Structures are given as C-alpha cells and as structure tokens.
Amino acid sequence: MQAGDKLEDQDDNGFGIYVHWPFCAWKCPYCDFNSHVRESIDQERWRRVLICDLEHGLDRTPASKDRTITSVFFGGGTPSLMNPELVAGVLGTLKDRGLLSDDAEITLEANPSSADAERFEGYRECGVNRLSVGVQALDDGALRFLGRLHDVAEAMGAIDAARAVFDRVSFDLIYARQAQTPAAWREELRHVLELCPSHVSLYQLTIERGTRFHEAHARGDLVLPSEDEAAEMYEDTVKQCADVGLIAYEVSNFAYSGEECRHNLTYWRSGDWLGVGPGAHGRIGAGEDRVALRQWRSPEKWRDAVEGTGSGLESADSLSESERVAEALMMGLRLTEGVLATRFARIVGASLWEGVNGDRLDELVVGGFLERTSERILATPRGRIVLNTLIAELLS
C-alpha cells in the first residue's frame, strides 16, 4: 500500500480470543516468552481450567459479551503439545455460545516435530484452520545454535504434513544470527521462498533479558551481526519477498494479499481481544474505558486461582491517555498501512495530531523516516529499521 491509497477504517465490532499454552518440551536460549518445561501435564485438568477461565472472561467482561469472535489464536509455549481434545473443548465452548463467526480464523502454533505433526489432523477436525510452524532456520547448525529440537529434514516434513491438512500454513524464521552474513541470509531466504509460502514471519534475532542468550551476550560469548549488517538483511528480506509477491504488511510479517494474519492485525490495529491462560494479556474497550487485562504468569498459580475462584485474572487496569497513545503508536507504526487517524481517535479518545510531538513529527518526515497524510502516519522502509527510536521521538 502506498501513501495516498484510499484507506478504510475497518471496525466490524468483532474481537479475538488468545489462548496461552505455557508448556514446552525445551526452553530455547533466545526465548523470553512465558514458557515452562514440566515433566508431566494433566491435559484433562488443563482443559477444564482453560474453559473455566474462558467462560469467566466472556461472562464478566462487559465489552466482550455478545460480540462476534473473528479470530482465535492458540499461542505459547508450544500449543502443538496440546491434545486435540483440549483444543476442541475450548472451541466448543465458543461454538456452544454462538459467538464464533462462521469464517473465524483459528490459528495454532506448532513445532516442526514428527510427534506434533501426528496431531495436525485432529486439530483440523476440531476447527483449527490455520497453522503457524516454528521452523526458525533452514540450516542444521543454526537450529542447534538456536536450541531447537528438530533438524531441517524434520522441518520440511512438518511443512509438507501441515499443507496436506490445512489450506493456510505460515512458518517463522529467525535471521541476523551469530556469524550469519547478509549473503548467507539471502541464500537461506531464497530457499525459504522456494517453498512458496503464502505467509511467512521473519524475525531479527534480539537479545532479551532473562534468557541464556542474554547471559552469553553479556559475557562476550555471543556476538551478533552489526547494525549495518542487520539492516542490510532486513532490506534484502523486504526486496526478496516483494519479488515473489509477499507484501510486508508488518515489520516482520509478509503475505499474499488476503493471507494476512487476521488475529495479529487485531493487536496491531488496537482492536479488542480477551486473553486466556497463564500470563495472557487482553485489551477491551476504547477511550477512557479501555482496560488492560493480565492473567497470573505462573502456570501453577494461574491454575490454582482458576480452580479456586473461576478466574486466573491478576489485574484489570484502565489505561491512561498517555498509555493509550503509546500503545496505538507502538503497534500501529509496525504496519505498512501505519496509524490511521480515525482509528487512533476512536481507541485513544484524542486526535492523532494532538497525541504526538508535532515538531518531532515534522523533522522525522523531512528526514525520510515517516510519511504523513491527512489520514495517517506511517513509517517508511528506512524508518521501520529504527522504529523504537521513532516512537520515542514522537512521544517526547
């Protein structure tokens, strides 16, 4: 989409459901998500508590009552460790209430292991219609570096298995890894695109606090490509994807037109969603009534809270205007379409042009980092590389 294209502020009053499965077979060294390794998991018990918390959220959150659910996303952790019966229970609850849209996008994240792939058919039968496969690399050495339990052959097998079951399959990769050059990434990405994905998520490796990679980086044992090399890799990524028709609709997400992840667009467009499961977040409402929901992070503490009170909710806090402004900018500027003024005004309860530092906006436009029309603000390709800096400048 180019600046000046006609924009429509899509608000169909739908909303999303995010279900967090907090368990993994192994904790990857780069991961700071709320994921945990447990020797055994009582799947039936977790089916009951997830459904209980979902029902509580639907009943007790006024703004979520009687609204059409347009997307459900099972994230984690490793949701493909869930039995299909557990997924069926959650989706069945929504169907029984008549809340699930007939064309709802229902995504489940999966690891590319043969054990997980055996569950694909069961997921489809219970209503999942989109699979996101965590491939992460098409190089066995890189997979070992990233702490993954699969190899390239297993990843390719999982992609084939997923495509045999689902019409919509996405997969993720991580670039700007230790010792990776722009030329090496171009070649790896070429192999990725030869698989003809309709949607692919390509993330630059970042060092997050609390991870094993953070410790190694602090010791000097882990050295990532320079900022210039990482920027070159990103620019190559955008170009190669565009050459095969994959639009960079978000900083790290590329898709054919119509194949964008509807659920993630809800986040980036400051829509409403209800979070279920340990550590899950949600956002409901607009203006002064916009509320941030947060579940207890510890799986056991969350589970015990649900069994004791019916809910794993830790807090429900009204967002201040400054918080609403910051979130709308942080999420919206990730999108190629940018921050739409009408959407911003509805969610924040204030004008976009009053919510940002006008002088800094003018300077960033002149510098080629942002574009501005009467309808929106958007980051240029140059600006998307330094997005966090742009947002800080606009909020200063």
# chains A, B, ... in the order shown; residues from 1 in each chain; ligands from 1

$ residues_around --residues "segment 34-44 of chain A" --least-positions-apart "2" --cutoff "12 Å" --atoms "only C-alpha atoms" --output "PyMOL selection string"
chain A and resi 20-32+46-51+75-79+81-90+210-211+277-281+295-300+303

$ write_last_selection --atoms "C-alpha atoms" --output "tab-separated table (two decimals), in the first residue's frame"
chain	number	residue	atom	x	y	z
A	20	HIS	CA	-1.88	-19.31	26.02
A	21	TRP	CA	-0.43	-22.80	26.45
A	22	PRO	CA	2.59	-22.26	28.72
A	23	PHE	CA	4.44	-25.55	28.27
A	24	CYS	CA	7.36	-26.56	26.06
A	25	ALA	CA	9.47	-29.69	25.69
A	26	TRP	CA	12.58	-27.48	25.92
A	27	LYS	CA	13.33	-23.83	26.71
A	28	CYS	CA	15.10	-22.22	23.75
A	29	PRO	CA	18.04	-19.96	24.72
A	30	TYR	CA	16.64	-16.88	22.94
A	31	CYS	CA	13.08	-17.16	24.28
A	32	ASP	CA	11.67	-14.80	26.90
A	46	TRP	CA	-5.81	-28.05	31.89
A	47	ARG	CA	-8.76	-28.44	29.52
A	48	ARG	CA	-11.12	-27.77	32.42
A	49	VAL	CA	-9.29	-24.72	33.75
A	50	LEU	CA	-8.82	-23.11	30.32
A	51	ILE	CA	-12.53	-23.50	29.59
A	75	GLY	CA	-0.02	-19.49	21.26
A	76	GLY	CA	2.68	-20.40	23.72
A	77	GLY	CA	4.81	-22.15	24.72
A	78	THR	CA	4.18	-24.98	22.30
A	79	PRO	CA	0.44	-25.35	21.63
A	81	LEU	CA	1.75	-30.28	22.66
A	82	MET	CA	-1.96	-29.96	23.44
A	83	ASN	CA	-4.20	-32.89	22.79
A	84	PRO	CA	-6.78	-32.13	20.07
A	85	GLU	CA	-9.48	-32.86	22.65
A	86	LEU	CA	-8.29	-29.88	24.69
A	87	VAL	CA	-8.43	-27.57	21.66
A	88	ALA	CA	-11.87	-28.97	20.79
A	89	GLY	CA	-13.08	-28.18	24.30
A	90	VAL	CA	-12.06	-24.53	24.08
A	210	GLY	CA	16.39	-13.37	31.38
A	211	THR	CA	17.44	-15.66	28.54
A	277	GLY	CA	-4.23	-18.83	30.17
A	278	PRO	CA	-1.11	-18.12	32.26
A	279	GLY	CA	0.40	-14.71	31.56
A	280	ALA	CA	-2.10	-13.89	28.80
A	281	HIS	CA	-2.95	-10.23	28.22
A	295	GLN	CA	-3.51	-13.13	33.91
A	296	TRP	CA	-1.24	-14.58	36.59
A	297	ARG	CA	2.04	-15.58	34.94
A	298	SER	CA	2.96	-18.75	36.87
A	299	PRO	CA	1.17	-21.78	35.35
A	300	GLU	CA	0.53	-23.33	38.75
A	303	ARG	CA	-4.32	-22.87	37.51

$ residues_around --residues "Pro225 of chain A" --least-positions-apart "3" --cutoff "12 Å" --atoms "only C-alpha atoms" --output "mmCIF file with C-alpha atoms, in the first residue's frame"
data_model
loop_
_atom_site.group_PDB
_atom_site.id
_atom_site.type_symbol
_atom_site.label_atom_id
_atom_site.label_comp_id
_atom_site.auth_asym_id
_atom_site.auth_seq_id
_atom_site.Cartn_x
_atom_site.Cartn_y
_atom_site.Cartn_z
ATOM 1 C CA TYR A 175 17.809 -14.132 10.949
ATOM 2 C CA ALA A 176 20.785 -11.954 11.995
ATOM 3 C CA ARG A 177 22.138 -14.908 13.932
ATOM 4 C CA GLN A 178 25.699 -15.211 15.217
ATOM 5 C CA ALA A 179 28.218 -15.413 12.346
ATOM 6 C CA GLN A 180 25.469 -15.047 9.730
ATOM 7 C CA THR A 181 26.370 -12.751 6.844
ATOM 8 C CA PRO A 182 23.942 -10.873 4.596
ATOM 9 C CA ALA A 184 24.260 -16.287 3.775
ATOM 10 C CA TRP A 185 20.840 -14.968 4.783
ATOM 11 C CA GLN A 204 15.601 -10.471 13.530
ATOM 12 C CA LEU A 205 17.263 -12.176 16.499
ATOM 13 C CA THR A 206 17.170 -9.904 19.524
ATOM 14 C CA LEU A 222 27.648 -14.393 21.681
ATOM 15 C CA ASP A 228 24.517 -2.174 9.394
ATOM 16 C CA GLU A 229 24.598 -5.880 8.515
ATOM 17 C CA ALA A 230 21.237 -6.463 10.207
ATOM 18 C CA ALA A 231 19.742 -3.505 8.330
ATOM 19 C CA GLU A 232 21.065 -4.920 5.052
ATOM 20 C CA MET A 233 19.477 -8.278 5.870
#

$ atom_distance --atom1 "atom CA of Ser270 of chain A" --atom2 "atom CA of Ile284 of chain A"
9.5 Å

$ residues_around --residues "segment 116-124 of chain A" --least-positions-apart "3" --cutoff "7 Å" --atoms "only C-alpha atoms" --output "PyMOL selection string"
chain A and resi 80-81+84+111-113+127-129+158+161-162+165

$ write_last_selection --atoms "N, CA and C atoms" --output "PDB file, in the first residue's frame"
ATOM      1  N   SER A  80       1.206 -27.085  20.076  1.00  0.00           N
ATOM      2  CA  SER A  80       1.059 -28.388  19.419  1.00  0.00           C
ATOM      3  C   SER A  80       1.379 -29.544  20.358  1.00  0.00           C
ATOM      4  N   LEU A  81       1.676 -29.241  21.630  1.00  0.00           N
ATOM      5  CA  LEU A  81       1.754 -30.279  22.660  1.00  0.00           C
ATOM      6  C   LEU A  81       0.383 -30.572  23.248  1.00  0.00           C
ATOM      7  N   PRO A  84      -5.675 -32.733  20.831  1.00  0.00           N
ATOM      8  CA  PRO A  84      -6.778 -32.126  20.072  1.00  0.00           C
ATOM      9  C   PRO A  84      -8.060 -32.005  20.887  1.00  0.00           C
ATOM     10  N   ASN A 111       5.281 -26.820  16.621  1.00  0.00           N
ATOM     11  CA  ASN A 111       6.687 -27.145  16.422  1.00  0.00           C
ATOM     12  C   ASN A 111       6.809 -28.158  15.285  1.00  0.00           C
ATOM     13  N   PRO A 112       7.874 -28.078  14.503  1.00  0.00           N
ATOM     14  CA  PRO A 112       8.028 -28.995  13.365  1.00  0.00           C
ATOM     15  C   PRO A 112       8.652 -30.328  13.763  1.00  0.00           C
ATOM     16  N   SER A 113       8.027 -31.010  14.697  1.00  0.00           N
ATOM     17  CA  SER A 113       8.489 -32.344  15.069  1.00  0.00           C
ATOM     18  C   SER A 113       7.468 -33.363  14.581  1.00  0.00           C
ATOM     19  N   GLY A 127     -11.603 -27.728  14.385  1.00  0.00           N
ATOM     20  CA  GLY A 127     -11.898 -26.372  13.939  1.00  0.00           C
ATOM     21  C   GLY A 127     -10.718 -25.485  13.618  1.00  0.00           C
ATOM     22  N   VAL A 128      -9.488 -25.904  13.908  1.00  0.00           N
ATOM     23  CA  VAL A 128      -8.328 -25.096  13.547  1.00  0.00           C
ATOM     24  C   VAL A 128      -8.233 -25.033  12.020  1.00  0.00           C
ATOM     25  N   ASN A 129      -8.027 -23.823  11.481  1.00  0.00           N
ATOM     26  CA  ASN A 129      -7.954 -23.694  10.020  1.00  0.00           C
ATOM     27  C   ASN A 129      -6.705 -22.960   9.536  1.00  0.00           C
ATOM     28  N   ALA A 158       7.410 -31.455   8.331  1.00  0.00           N
ATOM     29  CA  ALA A 158       6.283 -30.846   9.035  1.00  0.00           C
ATOM     30  C   ALA A 158       5.529 -29.876   8.131  1.00  0.00           C
ATOM     31  N   ALA A 161       3.474 -31.955   5.867  1.00  0.00           N
ATOM     32  CA  ALA A 161       2.350 -32.532   6.610  1.00  0.00           C
ATOM     33  C   ALA A 161       1.284 -31.485   6.892  1.00  0.00           C
ATOM     34  N   ALA A 162       1.722 -30.269   7.238  1.00  0.00           N
ATOM     35  CA  ALA A 162       0.764 -29.197   7.522  1.00  0.00           C
ATOM     36  C   ALA A 162      -0.025 -28.830   6.269  1.00  0.00           C
ATOM     37  N   VAL A 165      -2.928 -30.946   5.314  1.00  0.00           N
ATOM     38  CA  VAL A 165      -4.095 -30.885   6.191  1.00  0.00           C
ATOM     39  C   VAL A 165      -4.775 -29.520   6.155  1.00  0.00           C
TER      40      VAL A 165
END

$ closest_residue --among "A:Leu319, A:Val291, A:Ile377, A:Leu335" --to "Thr61 of chain A" --atoms "only C-alpha atoms"
A:Val291

$ closest_residue --among "A:Tyr249, A:Tyr234, A:Tyr256, A:Tyr203" --to "Thr336 of chain A" --atoms "only C-alpha atoms"
A:Tyr249

$ select_by_dssp --residues "segment 205-379 of chain A" --states "strand (DSSP E)" --output "VMD selection string"
chain A and resid 247 to 250 253 to 255 273 to 276 281 to 284 291 to 295 313 to 318 339 to 340 370 to 372 376 to 379

$ write_last_selection --atoms "N, CA and C atoms" --output "tab-separated table (two decimals), in the first residue's frame"
chain	number	residue	atom	x	y	z
A	247	ILE	N	3.77	-9.30	0.47
A	247	ILE	CA	3.74	-7.92	0.91
A	247	ILE	C	4.17	-7.82	2.37
A	248	ALA	N	5.05	-6.88	2.68
A	248	ALA	CA	5.47	-6.64	4.07
A	248	ALA	C	4.38	-5.82	4.76
A	249	TYR	N	3.32	-6.51	5.17
A	249	TYR	CA	2.21	-5.75	5.75
A	249	TYR	C	2.51	-5.33	7.19
A	250	GLU	N	3.53	-5.93	7.80
A	250	GLU	CA	4.01	-5.57	9.13
A	250	GLU	C	5.52	-5.74	9.13
A	253	ASN	N	6.31	-9.46	9.10
A	253	ASN	CA	5.33	-10.40	8.53
A	253	ASN	C	5.03	-10.07	7.08
A	254	PHE	N	5.03	-11.11	6.25
A	254	PHE	CA	4.91	-10.98	4.81
A	254	PHE	C	3.85	-11.96	4.32
A	255	ALA	N	2.98	-11.48	3.44
A	255	ALA	CA	1.89	-12.34	3.00
A	255	ALA	C	1.37	-11.91	1.64
A	273	TRP	N	-9.31	-7.85	22.34
A	273	TRP	CA	-9.16	-9.30	22.46
A	273	TRP	C	-9.16	-9.69	23.93
A	274	LEU	N	-9.53	-10.92	24.18
A	274	LEU	CA	-9.56	-11.49	25.51
A	274	LEU	C	-8.46	-12.54	25.61
A	275	GLY	N	-7.61	-12.43	26.63
A	275	GLY	CA	-6.53	-13.38	26.83
A	275	GLY	C	-6.90	-14.42	27.87
A	276	VAL	N	-6.63	-15.68	27.54
A	276	VAL	CA	-6.95	-16.81	28.42
A	276	VAL	C	-5.67	-17.61	28.64
A	281	HIS	N	-2.48	-11.60	28.11
A	281	HIS	CA	-2.95	-10.23	28.22
A	281	HIS	C	-4.19	-10.04	27.34
A	282	GLY	N	-4.95	-9.01	27.62
A	282	GLY	CA	-6.10	-8.66	26.80
A	282	GLY	C	-6.29	-7.15	26.80
A	283	ARG	N	-7.04	-6.68	25.84
A	283	ARG	CA	-7.41	-5.27	25.75
A	283	ARG	C	-8.88	-5.20	25.36
A	284	ILE	N	-9.64	-4.44	26.15
A	284	ILE	CA	-11.07	-4.31	25.91
A	284	ILE	C	-11.47	-2.84	26.04
A	291	VAL	N	-9.36	-1.00	28.84
A	291	VAL	CA	-8.86	-1.71	30.00
A	291	VAL	C	-7.81	-2.73	29.57
A	292	ALA	N	-6.72	-2.80	30.32
A	292	ALA	CA	-5.67	-3.80	30.11
A	292	ALA	C	-5.89	-4.94	31.09
A	293	LEU	N	-6.05	-6.15	30.56
A	293	LEU	CA	-6.27	-7.34	31.38
A	293	LEU	C	-4.99	-8.16	31.42
A	294	ARG	N	-4.66	-8.70	32.58
A	294	ARG	CA	-3.45	-9.52	32.70
A	294	ARG	C	-3.72	-10.71	33.61
A	295	GLN	N	-3.35	-11.91	33.14
A	295	GLN	CA	-3.51	-13.13	33.91
A	295	GLN	C	-2.26	-13.41	34.74
A	313	LEU	N	-7.40	-14.14	36.46
A	313	LEU	CA	-7.10	-12.74	36.21
A	313	LEU	C	-6.36	-12.12	37.39
A	314	GLU	N	-5.19	-11.54	37.11
A	314	GLU	CA	-4.42	-10.86	38.15
A	314	GLU	C	-4.82	-9.41	38.27
A	315	SER	N	-5.06	-8.74	37.14
A	315	SER	CA	-5.39	-7.32	37.18
A	315	SER	C	-6.20	-6.90	35.98
A	316	ALA	N	-6.99	-5.84	36.17
A	316	ALA	CA	-7.75	-5.21	35.09
A	316	ALA	C	-7.64	-3.70	35.33
A	317	ASP	N	-6.75	-3.06	34.58
A	317	ASP	CA	-6.43	-1.66	34.82
A	317	ASP	C	-6.85	-0.78	33.65
A	318	SER	N	-7.52	0.33	33.98
A	318	SER	CA	-7.85	1.30	32.95
A	318	SER	C	-6.58	1.98	32.47
A	339	VAL	N	-0.58	4.31	11.20
A	339	VAL	CA	-1.57	4.63	12.23
A	339	VAL	C	-2.65	5.48	11.59
A	340	LEU	N	-3.83	4.95	11.51
A	340	LEU	CA	-4.95	5.66	10.88
A	340	LEU	C	-5.55	6.65	11.88
A	370	LEU	N	9.43	9.00	8.33
A	370	LEU	CA	7.97	8.88	8.42
A	370	LEU	C	7.33	9.56	7.21
A	371	GLU	N	6.13	9.12	6.90
A	371	GLU	CA	5.28	9.83	5.93
A	371	GLU	C	4.01	10.24	6.65
A	372	ARG	N	3.41	11.34	6.19
A	372	ARG	CA	2.20	11.84	6.82
A	372	ARG	C	1.22	12.27	5.74
A	376	ARG	N	-3.28	9.59	8.01
A	376	ARG	CA	-2.46	8.67	8.78
A	376	ARG	C	-1.01	9.14	8.90
A	377	ILE	N	-0.27	8.42	9.76
A	377	ILE	CA	1.19	8.50	9.84
A	377	ILE	C	1.71	7.08	9.60
A	378	LEU	N	2.75	6.94	8.77
A	378	LEU	CA	3.33	5.63	8.56
A	378	LEU	C	4.84	5.72	8.50
A	379	ALA	N	5.48	4.62	8.86
A	379	ALA	CA	6.94	4.56	8.79
A	379	ALA	C	7.37	4.18	7.39

$ closest_atom_pairs --of "segment 181-300 of chain A" --to "segment 101-109 of chain A" --cutoff "9 Å" --atoms "only C-alpha atoms" --output "CSV"
residue,atom,partner,partner_atom,distance
A:Cys261,CA,A:Glu105,CA,8.2
A:Arg262,CA,A:Glu105,CA,6.8
A:His263,CA,A:Glu105,CA,7.3

$ write_last_selection --atoms "C-alpha atoms" --output "PDB file, in the first residue's frame"
ATOM      1  CA  CYS A 261      -2.957 -12.994   9.953  1.00  0.00           C
ATOM      2  CA  ARG A 262      -6.314 -11.588  10.990  1.00  0.00           C
ATOM      3  CA  HIS A 263      -5.712 -12.198  14.687  1.00  0.00           C
TER       4      HIS A 263
END

$ residues_around --residues "Leu138 of chain A" --least-positions-apart "2" --cutoff "10 Å" --atoms "only C-alpha atoms" --output "ChimeraX atom specification"
/A:135-136,140-143,151-153,155-156,173-174,188-189,191-192

$ closest_atom_pairs --of "segment 55-152 of chain A" --to "segment 266-269 of chain A" --cutoff "12 Å" --atoms "only C-alpha atoms" --output "CSV"
residue,atom,partner,partner_atom,distance
A:Ile69,CA,A:Thr266,CA,11.4
A:Thr70,CA,A:Thr266,CA,9.5
A:Ser71,CA,A:Thr266,CA,8.8
A:Val72,CA,A:Thr266,CA,10.8
A:Phe73,CA,A:Thr266,CA,11.1
A:Glu105,CA,A:Thr266,CA,11.7

$ residues_around --residues "Asp160 of chain A" --least-positions-apart "6" --cutoff "12 Å" --atoms "only C-alpha atoms" --output "NGL selection string"
:A and (112-114 or 117 or 120 or 131 or 133 or 153-154 or 166-167 or 169-171 or 195-197)

$ atom_distance --atom1 "atom CA of Leu94 of chain A" --atom2 "atom CA of Arg168 of chain A"
21.6 Å

$ residues_around --residues "Leu395 of chain A" --least-positions-apart "6" --cutoff "10 Å" --atoms "only C-alpha atoms" --output "PDB file with C-alpha atoms, in the first residue's frame"
ATOM      1  CA  SER A 322      -0.673   8.605  27.581  1.00  0.00           C
ATOM      2  CA  VAL A 325      -1.310   6.929  22.821  1.00  0.00           C
ATOM      3  CA  ALA A 326       1.923   4.966  23.320  1.00  0.00           C
ATOM      4  CA  LEU A 329       1.756   4.251  18.074  1.00  0.00           C
ATOM      5  CA  GLY A 355      -1.184  12.869  20.575  1.00  0.00           C
ATOM      6  CA  VAL A 356       2.280  13.143  19.019  1.00  0.00           C
ATOM      7  CA  ASN A 357       5.081  15.696  19.227  1.00  0.00           C
ATOM      8  CA  GLY A 358       4.321  17.784  16.140  1.00  0.00           C
ATOM      9  CA  ARG A 360       9.485  15.906  16.015  1.00  0.00           C
ATOM     10  CA  LEU A 361       6.951  14.514  13.530  1.00  0.00           C
TER      11      LEU A 361
END

$ atom_distance --atom1 "atom CA of Gly310 of chain A" --atom2 "atom CA of Phe33 of chain A"
24.6 Å

$ residues_around --residues "Thr342 of chain A" --least-positions-apart "4" --cutoff "9 Å" --atoms "only C-alpha atoms" --output "list in words"
Asp9, Arg346, Ile347, Ser351, Leu352, Glu375 and Arg376 of chain A

$ select_by_dssp --residues "segment 79-205 of chain A" --states "alpha helix (DSSP H)" --output "ChimeraX atom specification"
/A:84-96,114-117,120-126,140-145,152-165,182-194
